[in-house]
Each structure stands twice: as C-alpha cells, then as structure tokens.
2 protein chains.
Amino acid sequence: MHTLAEENYLKAIYKLSLIAENVSTNQIAAELATKASSVTDMLRKLADKLLINYTRYQGVSLTQTGEKVAVNIIRRHRLWEYFLVEKLHFKWDEVHEMAEEMEHISSNELIDRLDEFMGFPTRDPHGDPIPDCNGNFKTNDLKAISAVDVNTCGIISGVRDHSSSFLQYLEKQGLTIGKKITIKEIITYDNTVVLQMNNKDLQISRDVANNLLIAL
Amino acid sequence: MHTLAEENYLKAIYKLSLIAENVSTNQIAAELATKASSVTDMLRKLADKLLINYTRYQGVSLTQTGEKVAVNIIRRHRLWEYFLVEKLHFKWDEVHEMAEEMEHISSNELIDRLDEFMGFPTRDPHGDPIPDCNGNFKTNDLKAISAVDVNTCGIISGVRDHSSSFLQYLEKQGLTIGKKITIKEIITYDNTVVLQMNNKDLQISRDVANNLLIAL
DNA sequence: TTATATTTTTAGACAAGCCTAAAAAATTTA
DNA sequence: TAAATTTTTTAGGCTTGTCTAAAAATATAA
Ligand SMILES: [Mn+2]
Ligand SMILES: [Mn+2]
Ligand SMILES: [Mn+2]
Ligand SMILES: [Mn+2]
C-alpha cells in the first residue's frame, strides 16, 4: 500500500500535529533525523497521493486519509510493543526499535488477530492508548507531575520521553505504570519534586517530573 | 545487517542449492521473478561481501557465512509461520506471504524469545524443519508419494508445493500433516494413486502425489 | 568443427529516497 | 521599512535495486 518511508513520514507528521496544527518542514526533518530538502521531496509525493495538505512554504497537515493511515501505523506499533512485553517478556525500554520495524508488516488481518490473541489491550507498555481496528482510542487525560499541585495524588499512567535511559531510570526507582503516588513538595531552589510512594519519600528532578504523567 | 533484497537473494540461492550444487543466474531470476541482468548486478555485490562464491559465467554457491545468513532467514520465516498458525489460528495456506515480510525483522533476540514462547517447535505448518538458534536442523527424510511402492504405509509429513491452491486442496481432502495413509494402487493409465486413509479410499493425481511427502 | 542457440554479462536508463550547495521566500531585527 | 537571519525549496548528484537492449561467452547442433 505505502512504502516504509511514506509510513514513517505520516507517523512523524501525526505525532507533530498533536502539538501544533500545522507542521513545518524543519520539524519533520528533526523528528526523522533527515534533511529539510529530503522532507520537501517527500511532502510533494505525499501531497500527490492526497495524504497531506501542502502548499509551498505553508507547512503541512494530514488529510483524513493520511490520518487514518498514521493511526493504523500507531495501532500496529503499540500492539507489537504490547506483544513483546506481555508475551515475550521484553522490558519496556527494549521494545521501541523492534516495534519500529514490525509496524510496517502490512497485513491488517494479522494485526486484528494479534489484537484478539492478546485480549484487545487498550494501553501499550508505556501507557499510550492503542487504537482499535476502527482507529478509535481514548485520548490520554494525563498530567505531567510537574504540572499538578502539591498534595495531589494520582496513578503513574504514561511517559513523555520514550528513551531507554529514561525508562530504565524509572524502572530502577520503581516509578512504573500503575503505581500510586502523592506529590508532597516542590523544592523552590531547583524544582526538585518530592513524591511519596508506598509510604516512602522519593525525590525526582524537574526534568523527570516533566516527562512522567499521572492520572488523577 | 543485510538489506531486504540481499536476504531474499541469499534465501533463493540456498533453496536452489538443495537441488543442484551450483546455481545459475537464470534459476535465481526465475525463483525471484526478476531479470537475469538484475541478478548479475546483485551477484557481484554478494560476492564483494563474501556471501557467495562467484566467477563470471560459472554460477554461484553460498560461502559458509552466506549459508548461515540464509539458514537464519529460513529459521525466522518458519518460526513466524508457526506463530501465525498455532497462536493466531491462520490456516496453513494463508501464512506464507506474511512470513515473507516478517522474516526480515532483524532482531535475533526477538526470534529466540519467540522460539522459546512457542516451546521450541521443530517443524513449521508445512512440515519443514525449523533450524534452532545455532542453525542446526534435521534434514527431512521424506519421500514423495509417487516415489514409493504399492502397499507402503506412512505419515503425511511435508509438501513440495507451498501454493495456496495446493494446500487448500489437501485441506479439503483431509490430507494434512500427521495423517496416516497407505498407498494401495497406482493406476497405470494416468498414474493416479489410490490411497487408503481412515479405512476409506481416496484417489490423487500424479501431480499431487509428486508434491505430497510422507515419512515411512 | 563450425554455425546456431542459449545463457550471462555489460551498457545505459529509471524511480525511490537520500544528500549538499545555492536560490528563493518568509520571518525577525534593527 | 530595510537589512539580516532563518526556513524552505530547487538544482544537481549519489546509491540501491530494478529494467531493456545489445554484446560476449558458453553450450548445442549440424
Ligand atoms: Mn515505541
Ligand atoms: Mn509505546
Ligand atoms: Mn513459507
Ligand atoms: Mn513453510
């Protein structure tokens, strides 16, 4: 249906669209670690295929078709991540690169059967919602720890940074999906956040607090 | 490690090497549904990478390295086929094309975990042996039904033709892996073979008998 | 053993996807 | 508003993997 490169561009544009309506050439280049001139080439091709809305110098947005394709790729990615963690017992910091390849396996029948095999999971190992076979999913109503008031209590439910090093750090601290925490104090000097978890205190940096999401 | 195209060429050369020591350019072209000139281009590249032994006009054979790579791709292909049939309940005639894509997922750790998850199966859904993580596997000691004597008794254990139409035909006749049959008679007029299975007689054509393998 | 047919390779071209360098457009700063 | 900076596009080129057409090598037949 679509080439691997096209799929990766659509996914990148989708991801960037969540932050700002219109996505710029340079943003896409940064996201895909490629050059702006390469992006321009691909944008023309995606526009020809009616997958994006594109006028020169004006940035891009996904068409309805383009968005459907992008959501489907995300569905595949997150289902494979779930498979790798739940069935093959990989750790949550080990699965992203493998899923980057697996998301391009083209059969939708395969993905639907995989979904059924695993019991139609709704969240991937990082807390991100898994679109169903019609592309529907609940939008995450999560807040960064750095964005809630002191004495707020919540459940760790997602991350903003998916890097191995961040995920490994969280694992080590026991800050994993599903854990219940209370924000106890924000130290004014450097915005270090003091948390309580299992009746024990824990300090995390501003950076970590920015990238760790809780459901209230 | 290797490109998708390189992997497909190595697999094709491996497959053809089972029939004849030296593999010709045209044989590879036919196997991959490509042109002889494209094959020549690729052969030079594979020779440069020391994956094949190649002298112009002399045909090719795999080096030890090349064979290792080829066997590994076959291992991946067959493990994914097993997964698709045993875990996702696809039929044996539906899995080949999907496995053609999945065999190129590069992580060996993934394949080893998949192998473990499924209990280290030794045969794929078509009866072909699955190499273990060191590349070892039992060579099939099977005979085509057309090649055994009347009154021979055996277990259906493999196929030579992997096409959907052939596999669907076998399924319909109940001629599936593991079934016990006896060769009752070969009709001299057109070499139709009369089988007995579950105390019932069944006639198959010469063509079918050529492509259906039994263990004695 | 020479002529013919087949197989294989070479030559040249093309699409996809990427690059660098330069030009054009848009934005920011003065 | 004009100049400087940044962003985006264009121009031209490279690699991979493919193709067709023609040349070269090998195999077969007379
Ligand atoms: Mn991921
Ligand atoms: Mn994820
Ligand atoms: Mn197969
Ligand atoms: Mn098979």
# chains A, B, ... in the order shown; residues from 1 in each chain; ligands from 1
>>> interface_residues(of="chain C", to="chain B", cutoff="12 Å", atoms="only C-alpha atoms (C1' of nucleotides)", output="MDAnalysis selection string")
chainID C and resid 6:11
>>> select_by_dssp(residues="range 15-193 of chain B", states="helix (DSSP H, G or I)", output="PyMOL selection string")
chain B and resi 15-17+25-32+36-48+64-86+96-102+108-117+145-147+164-173
>>> closest_atom_pairs(of="chain D", to="chain B", cutoff="10 Å", atoms="only C-alpha atoms (C1' of nucleotides)", output="tab-separated table")
residue	atom	partner	partner_atom	distance
D:DT16	C1'	B:Ala5	CA	9.5
D:DG17	C1'	B:Ser38	CA	7.8
D:DT18	C1'	B:Ser38	CA	6.6
D:DC19	C1'	B:Lys35	CA	8.0
D:DT20	C1'	B:Ser37	CA	9.7
D:DA25	C1'	B:Tyr57	CA	7.5
D:DT26	C1'	B:Tyr57	CA	7.9
>>> residues_around(residues="range 209-211 of chain B", least_positions_apart="5", cutoff="8 Å", atoms="only C-alpha atoms (C1' of nucleotides)", output="JSON, numbers by chain")
{"B": [144, 145, 146, 147, 159, 160, 161, 193, 204]}
>>> write_last_selection(atoms="all heavy atoms", output="PDB file, in the first residue's frame")
ATOM      1  N   ALA B 144       8.295 -38.521  -1.755  1.00  0.00           N
ATOM      2  CA  ALA B 144       7.048 -38.196  -2.437  1.00  0.00           C
ATOM      3  C   ALA B 144       6.218 -39.463  -2.550  1.00  0.00           C
ATOM      4  O   ALA B 144       6.769 -40.565  -2.728  1.00  0.00           O
ATOM      5  CB  ALA B 144       7.334 -37.624  -3.813  1.00  0.00           C
ATOM      6  N   ILE B 145       4.909 -39.317  -2.454  1.00  0.00           N
ATOM      7  CA  ILE B 145       4.016 -40.481  -2.558  1.00  0.00           C
ATOM      8  C   ILE B 145       4.219 -41.193  -3.890  1.00  0.00           C
ATOM      9  O   ILE B 145       4.143 -42.429  -3.970  1.00  0.00           O
ATOM     10  CB  ILE B 145       2.555 -40.033  -2.377  1.00  0.00           C
ATOM     11  CG1 ILE B 145       2.327 -39.690  -0.902  1.00  0.00           C
ATOM     12  CG2 ILE B 145       1.576 -41.100  -2.848  1.00  0.00           C
ATOM     13  CD1 ILE B 145       0.936 -39.246  -0.571  1.00  0.00           C
ATOM     14  N   SER B 146       4.547 -40.407  -4.916  1.00  0.00           N
ATOM     15  CA  SER B 146       4.742 -41.000  -6.239  1.00  0.00           C
ATOM     16  C   SER B 146       6.012 -41.833  -6.313  1.00  0.00           C
ATOM     17  O   SER B 146       6.225 -42.555  -7.286  1.00  0.00           O
ATOM     18  CB  SER B 146       4.792 -39.888  -7.289  1.00  0.00           C
ATOM     19  OG  SER B 146       5.836 -38.983  -6.965  1.00  0.00           O
ATOM     20  N   ALA B 147       6.858 -41.760  -5.278  1.00  0.00           N
ATOM     21  CA  ALA B 147       8.154 -42.435  -5.336  1.00  0.00           C
ATOM     22  C   ALA B 147       8.231 -43.667  -4.458  1.00  0.00           C
ATOM     23  O   ALA B 147       9.296 -44.241  -4.299  1.00  0.00           O
ATOM     24  CB  ALA B 147       9.263 -41.453  -4.942  1.00  0.00           C
ATOM     25  N   VAL B 159       5.204 -31.026   2.213  1.00  0.00           N
ATOM     26  CA  VAL B 159       4.738 -30.741   0.853  1.00  0.00           C
ATOM     27  C   VAL B 159       5.885 -30.150   0.042  1.00  0.00           C
ATOM     28  O   VAL B 159       6.797 -29.553   0.604  1.00  0.00           O
ATOM     29  CB  VAL B 159       3.567 -29.732   0.854  1.00  0.00           C
ATOM     30  CG1 VAL B 159       2.321 -30.357   1.462  1.00  0.00           C
ATOM     31  CG2 VAL B 159       3.951 -28.453   1.589  1.00  0.00           C
ATOM     32  N   ARG B 160       5.814 -30.348  -1.264  1.00  0.00           N
ATOM     33  CA  ARG B 160       6.821 -29.731  -2.127  1.00  0.00           C
ATOM     34  C   ARG B 160       6.301 -28.439  -2.713  1.00  0.00           C
ATOM     35  O   ARG B 160       7.054 -27.516  -2.984  1.00  0.00           O
ATOM     36  CB  ARG B 160       7.182 -30.688  -3.265  1.00  0.00           C
ATOM     37  CG  ARG B 160       8.425 -31.467  -2.952  1.00  0.00           C
ATOM     38  CD  ARG B 160       8.947 -32.209  -4.175  1.00  0.00           C
ATOM     39  NE  ARG B 160       9.909 -33.209  -3.733  1.00  0.00           N
ATOM     40  CZ  ARG B 160      10.033 -34.418  -4.235  1.00  0.00           C
ATOM     41  NH1 ARG B 160       9.238 -34.801  -5.223  1.00  0.00           N
ATOM     42  NH2 ARG B 160      10.930 -35.247  -3.763  1.00  0.00           N
ATOM     43  N   ASP B 161       5.010 -28.391  -2.940  1.00  0.00           N
ATOM     44  CA  ASP B 161       4.372 -27.188  -3.482  1.00  0.00           C
ATOM     45  C   ASP B 161       3.729 -26.450  -2.312  1.00  0.00           C
ATOM     46  O   ASP B 161       2.942 -27.033  -1.574  1.00  0.00           O
ATOM     47  CB  ASP B 161       3.312 -27.619  -4.512  1.00  0.00           C
ATOM     48  CG  ASP B 161       2.560 -26.445  -5.101  1.00  0.00           C
ATOM     49  OD1 ASP B 161       2.756 -25.304  -4.632  1.00  0.00           O
ATOM     50  OD2 ASP B 161       1.773 -26.675  -6.036  1.00  0.00           O
ATOM     51  N   VAL B 193      -2.953 -42.216  -8.130  1.00  0.00           N
ATOM     52  CA  VAL B 193      -2.595 -43.037  -6.970  1.00  0.00           C
ATOM     53  C   VAL B 193      -3.832 -43.241  -6.094  1.00  0.00           C
ATOM     54  O   VAL B 193      -4.530 -42.277  -5.780  1.00  0.00           O
ATOM     55  CB  VAL B 193      -1.474 -42.376  -6.150  1.00  0.00           C
ATOM     56  CG1 VAL B 193      -1.129 -43.212  -4.918  1.00  0.00           C
ATOM     57  CG2 VAL B 193      -0.240 -42.158  -7.019  1.00  0.00           C
ATOM     58  N   ILE B 204      -5.688 -39.658  -5.839  1.00  0.00           N
ATOM     59  CA  ILE B 204      -5.000 -38.383  -6.105  1.00  0.00           C
ATOM     60  C   ILE B 204      -4.234 -38.504  -7.413  1.00  0.00           C
ATOM     61  O   ILE B 204      -3.795 -39.587  -7.793  1.00  0.00           O
ATOM     62  CB  ILE B 204      -4.039 -37.985  -4.966  1.00  0.00           C
ATOM     63  CG1 ILE B 204      -2.950 -39.044  -4.770  1.00  0.00           C
ATOM     64  CG2 ILE B 204      -4.798 -37.761  -3.668  1.00  0.00           C
ATOM     65  CD1 ILE B 204      -1.897 -38.650  -3.763  1.00  0.00           C
TER      66      ILE B 204
END
>>> residues_near_ligand(ligand="ligand 1", cutoff="8 Å", atoms="only C-alpha atoms (C1' of nucleotides) and all ligand atoms", output="ChimeraX atom specification")
/A:77-78,81,95-97,99-100,162
>>> closest_atom_pairs(of="chain A", to="ligand 2", cutoff="6 Å", atoms="only C-alpha atoms and all ligand atoms", output="Markdown table")
| residue | atom | partner | partner_atom_place_in_ligand_line | distance |
| --- | --- | --- | --- | --- |
| A:Arg78 | CA | ligand 2 | 1 (Mn) | 5.5 |
| A:Asp124 | CA | ligand 2 | 1 (Mn) | 5.5 |
| A:Pro125 | CA | ligand 2 | 1 (Mn) | 5.9 |
| A:His126 | CA | ligand 2 | 1 (Mn) | 4.9 |
>>> write_last_selection(atoms="C-alpha atoms", output="PDB file, in the first residue's frame")
ATOM      1  CA  ARG A  78       1.667  -0.260  20.064  1.00  0.00           C
ATOM      2  CA  ASP A 124       0.795  -0.126  25.363  1.00  0.00           C
ATOM      3  CA  PRO A 125       3.653  -0.761  27.828  1.00  0.00           C
ATOM      4  CA  HIS A 126       4.317   2.981  28.065  1.00  0.00           C
TER       5      HIS A 126
END
